[in-house]
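Peer 1: Questions regarding the structure given below will be posed in turn.
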Amino acid sequence: MKVIKTSNYREMSSLAARLFLTQIQIKKHPVIALPTGSTPLGLYEELIRYHKECNKSYANIITFNLDEYYPIKKEDSNSYYQFMMRNFFNHVDIKKENIFIPNGECSDPLKEAKEYEQKIKNHKGIDLAILGVGVNGHIGFNEPGTLIDETHLTDISSSTARENSRFFNNILEVPTQAITMGMKTIASAEKIIILANGSKKMDIVDKISKGNIDENYPATLLNNHKNATLIYTPYER
Ligand code: GLP
């Protein structure tokens with residue numbers, strides 16, 4: 001794992017944006033896995049700026065979001081569907097038919113997970129996976145102790161529910177499950193960028209940086225990936 005420490009959040013976000021822009025030029029139709037959360041907001045803002053001010057087009061890219069709560073309605077302001085529309089997709093030229101997000105309002109989440117994985121395979125896998133990381137080391141919703149798996153339905157751990165409850169009225173409103181791309185699918189990506197910022201994330205940054213692999217900290221499962229970069233800053237936004 002290549003580890004890059006930046007001097008602030010802005011620098012972390014613009015470096016990630018530059019790597020993203022380089023990567024989308026390599027292939028005609030690059031397939032990118034995208035995260036939600038507070039961490040990638042600066043990256044999305046930077047990509048929107050490149051689109052609006054420098055005419056950068058993302059019309060050739062195909063995106064697969066890492067995860068979605070289950071169950072959740074698309075219109076729910078806490079759904080990752082709304083998050084992505086609000087913070088990225090509504091402001092750029094990615095084609096609607098090229099945007100994939102697990103469907104949190106489907107009736108059969110096991111089937112949905114299987115079909116999502118198949119769609120990724122139909123696109124020949126992920127070229128670039130951009131990831132955030134939870135304080136407990138979760139990636140997407142691959143929680144501590146997770147199996148190295150394909151896209152699946154999973155329970156949200158109590159520590160992640162607590163972390164994510166800041167976006168809801170209370171912890172009881174946080175959905176108990178999620179559909180998440182699995183660690184096997186993520187680790188199969190050609191290139192991986194993990195972003196982390198803020199003092200709360202420094203323990204997990206330390207664990208990833210040391211290169212050990214420990215399934216209690218799912219992010220460390222990516223430590224033997226051949227083309228993975230961790231970009232971090234100890235500072236808040
Ligand atoms: C959520 C998402 C993860 C994300 C994590 C960290 O649980 N499922 O994909 O990486 O939160 O979020 P934040 O960037 O807000 O710290």
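Residue numbering restarts at 1 for every chain of the structure tokens, chains are lettered A, B, ... in their displayed order, and ligands are numbered from 1 as they appear.
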So that each row is one residue of region 127-201 of chain A with an atom at most 12 Å from region 3-22 of chain A, can you give its shortest atom pair and the distance in Å to one decimal, using only C-alpha atoms, rows by chain and rising number, as a Markdown table?
Peer 2:
```
| residue | atom | partner | partner_atom | distance |
| --- | --- | --- | --- | --- |
| A:Asp127 | CA | A:Phe20 | CA | 10.7 |
| A:Leu128 | CA | A:Phe20 | CA | 8.0 |
| A:Ala129 | CA | A:Phe20 | CA | 9.7 |
| A:Ile130 | CA | A:Ala16 | CA | 8.6 |
| A:Leu131 | CA | A:Ala16 | CA | 10.6 |
| A:Gly132 | CA | A:Ala16 | CA | 11.7 |
| A:Lys191 | CA | A:Leu19 | CA | 10.3 |
| A:Ile192 | CA | A:Leu19 | CA | 10.4 |
| A:Ile193 | CA | A:Ala16 | CA | 7.6 |
| A:Ile194 | CA | A:Ala16 | CA | 9.2 |
| A:Leu195 | CA | A:Met12 | CA | 7.6 |
| A:Ala196 | CA | A:Met12 | CA | 8.6 |
| A:Asn197 | CA | A:Tyr9 | CA | 6.8 |
| A:Gly198 | CA | A:Tyr9 | CA | 8.5 |
| A:Ser199 | CA | A:Tyr9 | CA | 11.8 |
```
Peer 1: Could you turn the residues from that selection into a file that holds N, CA and C atoms, as a PDB file, in the first residue's frame?
Peer 2:
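In the end it all went to result.pdb:
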```pdb
ATOM      1  N   ASP A 127     -12.388  -0.767 -12.424  1.00  0.00           N
ATOM      2  CA  ASP A 127     -11.048  -0.270 -12.784  1.00  0.00           C
ATOM      3  C   ASP A 127     -10.445   0.535 -11.643  1.00  0.00           C
ATOM      4  N   LEU A 128     -11.262   1.398 -11.049  1.00  0.00           N
ATOM      5  CA  LEU A 128     -10.783   2.230  -9.940  1.00  0.00           C
ATOM      6  C   LEU A 128     -11.826   2.206  -8.827  1.00  0.00           C
ATOM      7  N   ALA A 129     -11.410   1.809  -7.631  1.00  0.00           N
ATOM      8  CA  ALA A 129     -12.319   1.864  -6.472  1.00  0.00           C
ATOM      9  C   ALA A 129     -11.846   2.985  -5.565  1.00  0.00           C
ATOM     10  N   ILE A 130     -12.726   3.970  -5.348  1.00  0.00           N
ATOM     11  CA  ILE A 130     -12.419   5.036  -4.397  1.00  0.00           C
ATOM     12  C   ILE A 130     -13.185   4.693  -3.123  1.00  0.00           C
ATOM     13  N   LEU A 131     -12.478   4.672  -2.016  1.00  0.00           N
ATOM     14  CA  LEU A 131     -13.082   4.189  -0.774  1.00  0.00           C
ATOM     15  C   LEU A 131     -12.892   5.174   0.372  1.00  0.00           C
ATOM     16  N   GLY A 132     -13.903   5.259   1.225  1.00  0.00           N
ATOM     17  CA  GLY A 132     -13.715   5.891   2.526  1.00  0.00           C
ATOM     18  C   GLY A 132     -13.465   4.746   3.494  1.00  0.00           C
ATOM     19  N   LYS A 191      -7.278  -0.641  -9.499  1.00  0.00           N
ATOM     20  CA  LYS A 191      -6.604   0.376  -8.693  1.00  0.00           C
ATOM     21  C   LYS A 191      -7.530   0.773  -7.542  1.00  0.00           C
ATOM     22  N   ILE A 192      -6.936   1.021  -6.391  1.00  0.00           N
ATOM     23  CA  ILE A 192      -7.727   1.386  -5.207  1.00  0.00           C
ATOM     24  C   ILE A 192      -7.167   2.660  -4.585  1.00  0.00           C
ATOM     25  N   ILE A 193      -8.067   3.566  -4.240  1.00  0.00           N
ATOM     26  CA  ILE A 193      -7.656   4.753  -3.474  1.00  0.00           C
ATOM     27  C   ILE A 193      -8.501   4.784  -2.204  1.00  0.00           C
ATOM     28  N   ILE A 194      -7.846   4.767  -1.059  1.00  0.00           N
ATOM     29  CA  ILE A 194      -8.567   4.906   0.216  1.00  0.00           C
ATOM     30  C   ILE A 194      -8.331   6.319   0.727  1.00  0.00           C
ATOM     31  N   LEU A 195      -9.413   6.994   1.099  1.00  0.00           N
ATOM     32  CA  LEU A 195      -9.298   8.343   1.663  1.00  0.00           C
ATOM     33  C   LEU A 195      -9.657   8.298   3.142  1.00  0.00           C
ATOM     34  N   ALA A 196      -8.929   9.049   3.944  1.00  0.00           N
ATOM     35  CA  ALA A 196      -9.249   9.119   5.382  1.00  0.00           C
ATOM     36  C   ALA A 196      -8.825  10.478   5.905  1.00  0.00           C
ATOM     37  N   ASN A 197      -9.699  11.106   6.674  1.00  0.00           N
ATOM     38  CA  ASN A 197      -9.290  12.370   7.292  1.00  0.00           C
ATOM     39  C   ASN A 197      -9.860  12.520   8.684  1.00  0.00           C
ATOM     40  N   GLY A 198      -9.185  13.335   9.458  1.00  0.00           N
ATOM     41  CA  GLY A 198      -9.650  13.639  10.809  1.00  0.00           C
ATOM     42  C   GLY A 198      -8.955  12.783  11.847  1.00  0.00           C
ATOM     43  N   SER A 199      -8.901  13.331  13.067  1.00  0.00           N
ATOM     44  CA  SER A 199      -8.154  12.655  14.135  1.00  0.00           C
ATOM     45  C   SER A 199      -8.738  11.278  14.475  1.00  0.00           C
TER      46      SER A 199
END
```
Peer 1: Just the residues within 12 Å of Glu45 (chain A), please, counting only C-alpha atoms, with nothing from its chain fewer than 6 positions along; format it as a PyMOL selection string.
Peer 2: chain A and resi 10+13-14+16-17+38-39+51-53+84+86-92
Peer 1: Okay, now the selection with all heavy atoms, as a tab-separated table (two decimals), in the first residue's frame?
Peer 2:
```
chain	number	residue	atom	x	y	z
A	10	ARG	N	-8.27	19.67	1.88
A	10	ARG	CA	-8.38	20.15	0.51
A	10	ARG	C	-7.35	19.47	-0.39
A	10	ARG	O	-7.65	19.05	-1.51
A	10	ARG	CB	-8.17	21.66	0.52
A	10	ARG	CG	-8.61	22.26	-0.73
A	10	ARG	CD	-9.01	23.70	-0.63
A	10	ARG	NE	-9.34	24.10	-1.99
A	10	ARG	CZ	-8.96	25.22	-2.52
A	10	ARG	NH1	-8.30	26.09	-1.81
A	10	ARG	NH2	-9.27	25.49	-3.78
A	13	SER	N	-8.33	15.93	-1.10
A	13	SER	CA	-9.41	15.85	-2.08
A	13	SER	C	-8.91	16.17	-3.48
A	13	SER	O	-9.29	15.51	-4.46
A	13	SER	CB	-10.52	16.84	-1.72
A	13	SER	OG	-10.94	16.61	-0.40
A	14	SER	N	-8.03	17.18	-3.62
A	14	SER	CA	-7.60	17.51	-4.98
A	14	SER	C	-6.63	16.48	-5.53
A	14	SER	O	-6.65	16.21	-6.73
A	14	SER	CB	-7.07	18.95	-5.11
A	14	SER	OG	-6.16	19.19	-4.12
A	16	ALA	N	-6.87	13.27	-4.87
A	16	ALA	CA	-7.78	12.18	-5.28
A	16	ALA	C	-8.45	12.54	-6.61
A	16	ALA	O	-8.59	11.68	-7.50
A	16	ALA	CB	-8.82	11.93	-4.20
A	17	ALA	N	-8.85	13.80	-6.77
A	17	ALA	CA	-9.50	14.22	-8.01
A	17	ALA	C	-8.55	14.08	-9.20
A	17	ALA	O	-8.94	13.62	-10.26
A	17	ALA	CB	-10.00	15.66	-7.87
A	38	SER	N	-18.80	11.53	4.66
A	38	SER	CA	-18.29	12.91	4.67
A	38	SER	C	-16.94	13.00	3.96
A	38	SER	O	-16.61	14.03	3.36
A	38	SER	CB	-18.10	13.40	6.10
A	38	SER	OG	-19.20	13.06	6.87
A	39	THR	N	-16.15	11.93	4.04
A	39	THR	CA	-14.79	11.97	3.51
A	39	THR	C	-14.72	12.37	2.02
A	39	THR	O	-13.91	13.21	1.66
A	39	THR	CB	-14.11	10.60	3.73
A	39	THR	OG1	-14.31	10.20	5.07
A	39	THR	CG2	-12.63	10.65	3.41
A	51	HIS	N	-15.62	19.90	-13.91
A	51	HIS	CA	-16.65	19.78	-14.95
A	51	HIS	C	-17.17	21.15	-15.35
A	51	HIS	O	-17.27	21.48	-16.53
A	51	HIS	CB	-17.79	18.90	-14.42
A	51	HIS	CG	-18.95	18.81	-15.35
A	51	HIS	ND1	-18.86	18.22	-16.60
A	51	HIS	CD2	-20.24	19.26	-15.25
A	51	HIS	CE1	-20.03	18.31	-17.21
A	51	HIS	NE2	-20.87	18.94	-16.41
A	52	LYS	N	-17.46	21.99	-14.36
A	52	LYS	CA	-18.08	23.29	-14.64
A	52	LYS	C	-17.09	24.32	-15.15
A	52	LYS	O	-17.39	25.10	-16.06
A	52	LYS	CB	-18.78	23.83	-13.39
A	52	LYS	CG	-19.90	22.88	-12.93
A	52	LYS	CD	-21.07	23.59	-12.32
A	52	LYS	CE	-22.31	22.73	-12.44
A	52	LYS	NZ	-23.08	22.57	-11.25
A	53	GLU	N	-15.89	24.33	-14.57
A	53	GLU	CA	-14.94	25.40	-14.93
A	53	GLU	C	-13.97	25.00	-16.02
A	53	GLU	O	-13.43	25.84	-16.71
A	53	GLU	CB	-14.16	25.83	-13.68
A	53	GLU	CG	-15.04	26.52	-12.65
A	53	GLU	CD	-14.30	26.83	-11.36
A	53	GLU	OE1	-13.06	26.76	-11.33
A	53	GLU	OE2	-15.00	27.12	-10.37
A	84	MET	N	-25.82	10.64	-3.38
A	84	MET	CA	-25.03	10.72	-4.61
A	84	MET	C	-25.62	11.73	-5.60
A	84	MET	O	-24.89	12.45	-6.28
A	84	MET	CB	-24.91	9.34	-5.26
A	84	MET	CG	-24.04	8.36	-4.52
A	84	MET	SD	-22.36	8.96	-4.13
A	84	MET	CE	-21.65	9.15	-5.77
A	86	ARG	N	-27.48	14.39	-4.85
A	86	ARG	CA	-27.31	15.71	-4.24
A	86	ARG	C	-25.87	16.20	-4.36
A	86	ARG	O	-25.60	17.33	-4.71
A	86	ARG	CB	-27.70	15.56	-2.78
A	86	ARG	CG	-28.02	16.79	-2.02
A	86	ARG	CD	-28.69	16.47	-0.69
A	86	ARG	NE	-27.94	15.60	0.20
A	86	ARG	CZ	-28.45	14.51	0.76
A	86	ARG	NH1	-29.70	14.14	0.51
A	86	ARG	NH2	-27.73	13.77	1.58
A	87	ASN	N	-24.92	15.30	-4.07
A	87	ASN	CA	-23.53	15.74	-3.92
A	87	ASN	C	-22.67	15.55	-5.16
A	87	ASN	O	-21.56	16.07	-5.22
A	87	ASN	CB	-22.87	15.01	-2.74
A	87	ASN	CG	-23.50	15.42	-1.43
A	87	ASN	OD1	-23.51	16.60	-1.07
A	87	ASN	ND2	-24.05	14.46	-0.72
A	88	PHE	N	-23.17	14.79	-6.15
A	88	PHE	CA	-22.34	14.56	-7.33
A	88	PHE	C	-23.13	14.44	-8.63
A	88	PHE	O	-23.02	15.29	-9.51
A	88	PHE	CB	-21.48	13.30	-7.10
A	88	PHE	CG	-20.40	13.09	-8.12
A	88	PHE	CD1	-19.64	14.16	-8.60
A	88	PHE	CD2	-20.12	11.82	-8.62
A	88	PHE	CE1	-18.64	13.96	-9.55
A	88	PHE	CE2	-19.13	11.61	-9.57
A	88	PHE	CZ	-18.38	12.69	-10.03
A	89	PHE	N	-23.95	13.41	-8.74
A	89	PHE	CA	-24.52	13.09	-10.04
A	89	PHE	C	-25.38	14.21	-10.64
A	89	PHE	O	-25.38	14.40	-11.86
A	89	PHE	CB	-25.35	11.80	-9.96
A	89	PHE	CG	-24.53	10.57	-9.65
A	89	PHE	CD1	-25.02	9.58	-8.81
A	89	PHE	CD2	-23.27	10.38	-10.22
A	89	PHE	CE1	-24.27	8.44	-8.54
A	89	PHE	CE2	-22.52	9.24	-9.95
A	89	PHE	CZ	-23.02	8.26	-9.11
A	90	ASN	N	-26.10	14.98	-9.80
A	90	ASN	CA	-26.95	16.05	-10.35
A	90	ASN	C	-26.14	17.18	-10.97
A	90	ASN	O	-26.69	18.04	-11.66
A	90	ASN	CB	-27.83	16.66	-9.25
A	90	ASN	CG	-29.01	15.77	-8.92
A	90	ASN	OD1	-29.33	14.86	-9.67
A	90	ASN	ND2	-29.64	16.03	-7.79
A	91	HIS	N	-24.84	17.21	-10.72
A	91	HIS	CA	-24.03	18.36	-11.14
A	91	HIS	C	-23.05	18.03	-12.27
A	91	HIS	O	-22.27	18.90	-12.66
A	91	HIS	CB	-23.24	18.89	-9.93
A	91	HIS	CG	-24.10	19.06	-8.73
A	91	HIS	ND1	-24.97	20.13	-8.60
A	91	HIS	CD2	-24.28	18.28	-7.62
A	91	HIS	CE1	-25.62	20.00	-7.44
A	91	HIS	NE2	-25.22	18.89	-6.85
A	92	VAL	N	-23.03	16.78	-12.70
A	92	VAL	CA	-22.06	16.38	-13.74
A	92	VAL	C	-22.79	15.65	-14.87
A	92	VAL	O	-24.02	15.52	-14.83
A	92	VAL	CB	-20.91	15.51	-13.15
A	92	VAL	CG1	-20.03	16.34	-12.22
A	92	VAL	CG2	-21.46	14.27	-12.46
```
Peer 1: Counting only C-alpha atoms and all ligand atoms, what are the residues, protein, DNA or RNA alike, that approach ligand 1 to within 9 Å? I want them as a ChimeraX atom specification.
Peer 2: /A:34-41,66-69,80,131-135,137-142,156,160-161,163-164,178,180,195-198,200-201
Peer 1: Could you give me, as JSON, numbers by chain, each residue of region 141-175 of chain A that DSSP assigns to alpha helix (DSSP H) when run on this structure's backbone?
Peer 2: {"A": [158, 159, 160, 161, 162, 163, 164]}
Peer 1: Between A:Pro71, A:Pro30, A:Gly125, A:Gly104, single out the one closest to Thr185 (chain A), counting only C-alpha atoms.
Peer 2: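 Between A:Pro71, A:Pro30, A:Gly125, A:Gly104, the residue approaching Thr185 (chain A) most closely is A:Gly125.
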Peer 1: Please compute the CA of His123 (chain A)-CA of Val31 (chain A) distance, one decimal, in Å.
Peer 2: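 Interatomic distance, CA of His123 (chain A) to CA of Val31 (chain A): 7.3 Å.
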Peer 1: Neighbouring residues of Ile208 (chain A) were defined as those with any atom within 8 Å, considering only C-alpha atoms; residues of the same chain fewer than 4 positions away were excluded. Please report them as a list in words.
Peer 2: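 Contacts, with the query itself left out: Ile204, Asn212, Ala219, Thr220 and Asn223 of chain A.
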Peer 1: Using C-alpha atoms, can you write the selected residues to a file as a PDB file, in the first residue's frame?
Peer 2:
```
ATOM      1  CA  ILE A 204      -7.115   2.920  11.402  1.00  0.00           C
ATOM      2  CA  ASN A 212      -0.655  -6.011   8.661  1.00  0.00           C
ATOM      3  CA  ALA A 219      -9.573  -2.005   5.342  1.00  0.00           C
ATOM      4  CA  THR A 220      -6.355  -3.878   6.133  1.00  0.00           C
ATOM      5  CA  ASN A 223      -2.931  -4.323   2.215  1.00  0.00           C
TER       6      ASN A 223
END
```
Peer 1: As a list of chain:residue names, please: the residues near Lys226 (chain A) (cut-off 10 Å, only C-alpha atoms, same-chain neighbours under 5 positions excluded).
Peer 2: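 My reading of the contact set: A:Met1, A:Lys2, A:Ala187, A:Ala189, A:Glu190, A:Lys191, A:Ile192.
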Peer 1: Using only C-alpha atoms, pick whichever of A:Asn60, A:Ile179, A:Leu172, A:Val205 has the shortest atom-to-atom distance to Asp155 (chain A).
Peer 2: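 Closest to Asp155 (chain A) of all the choices is A:Ile179.
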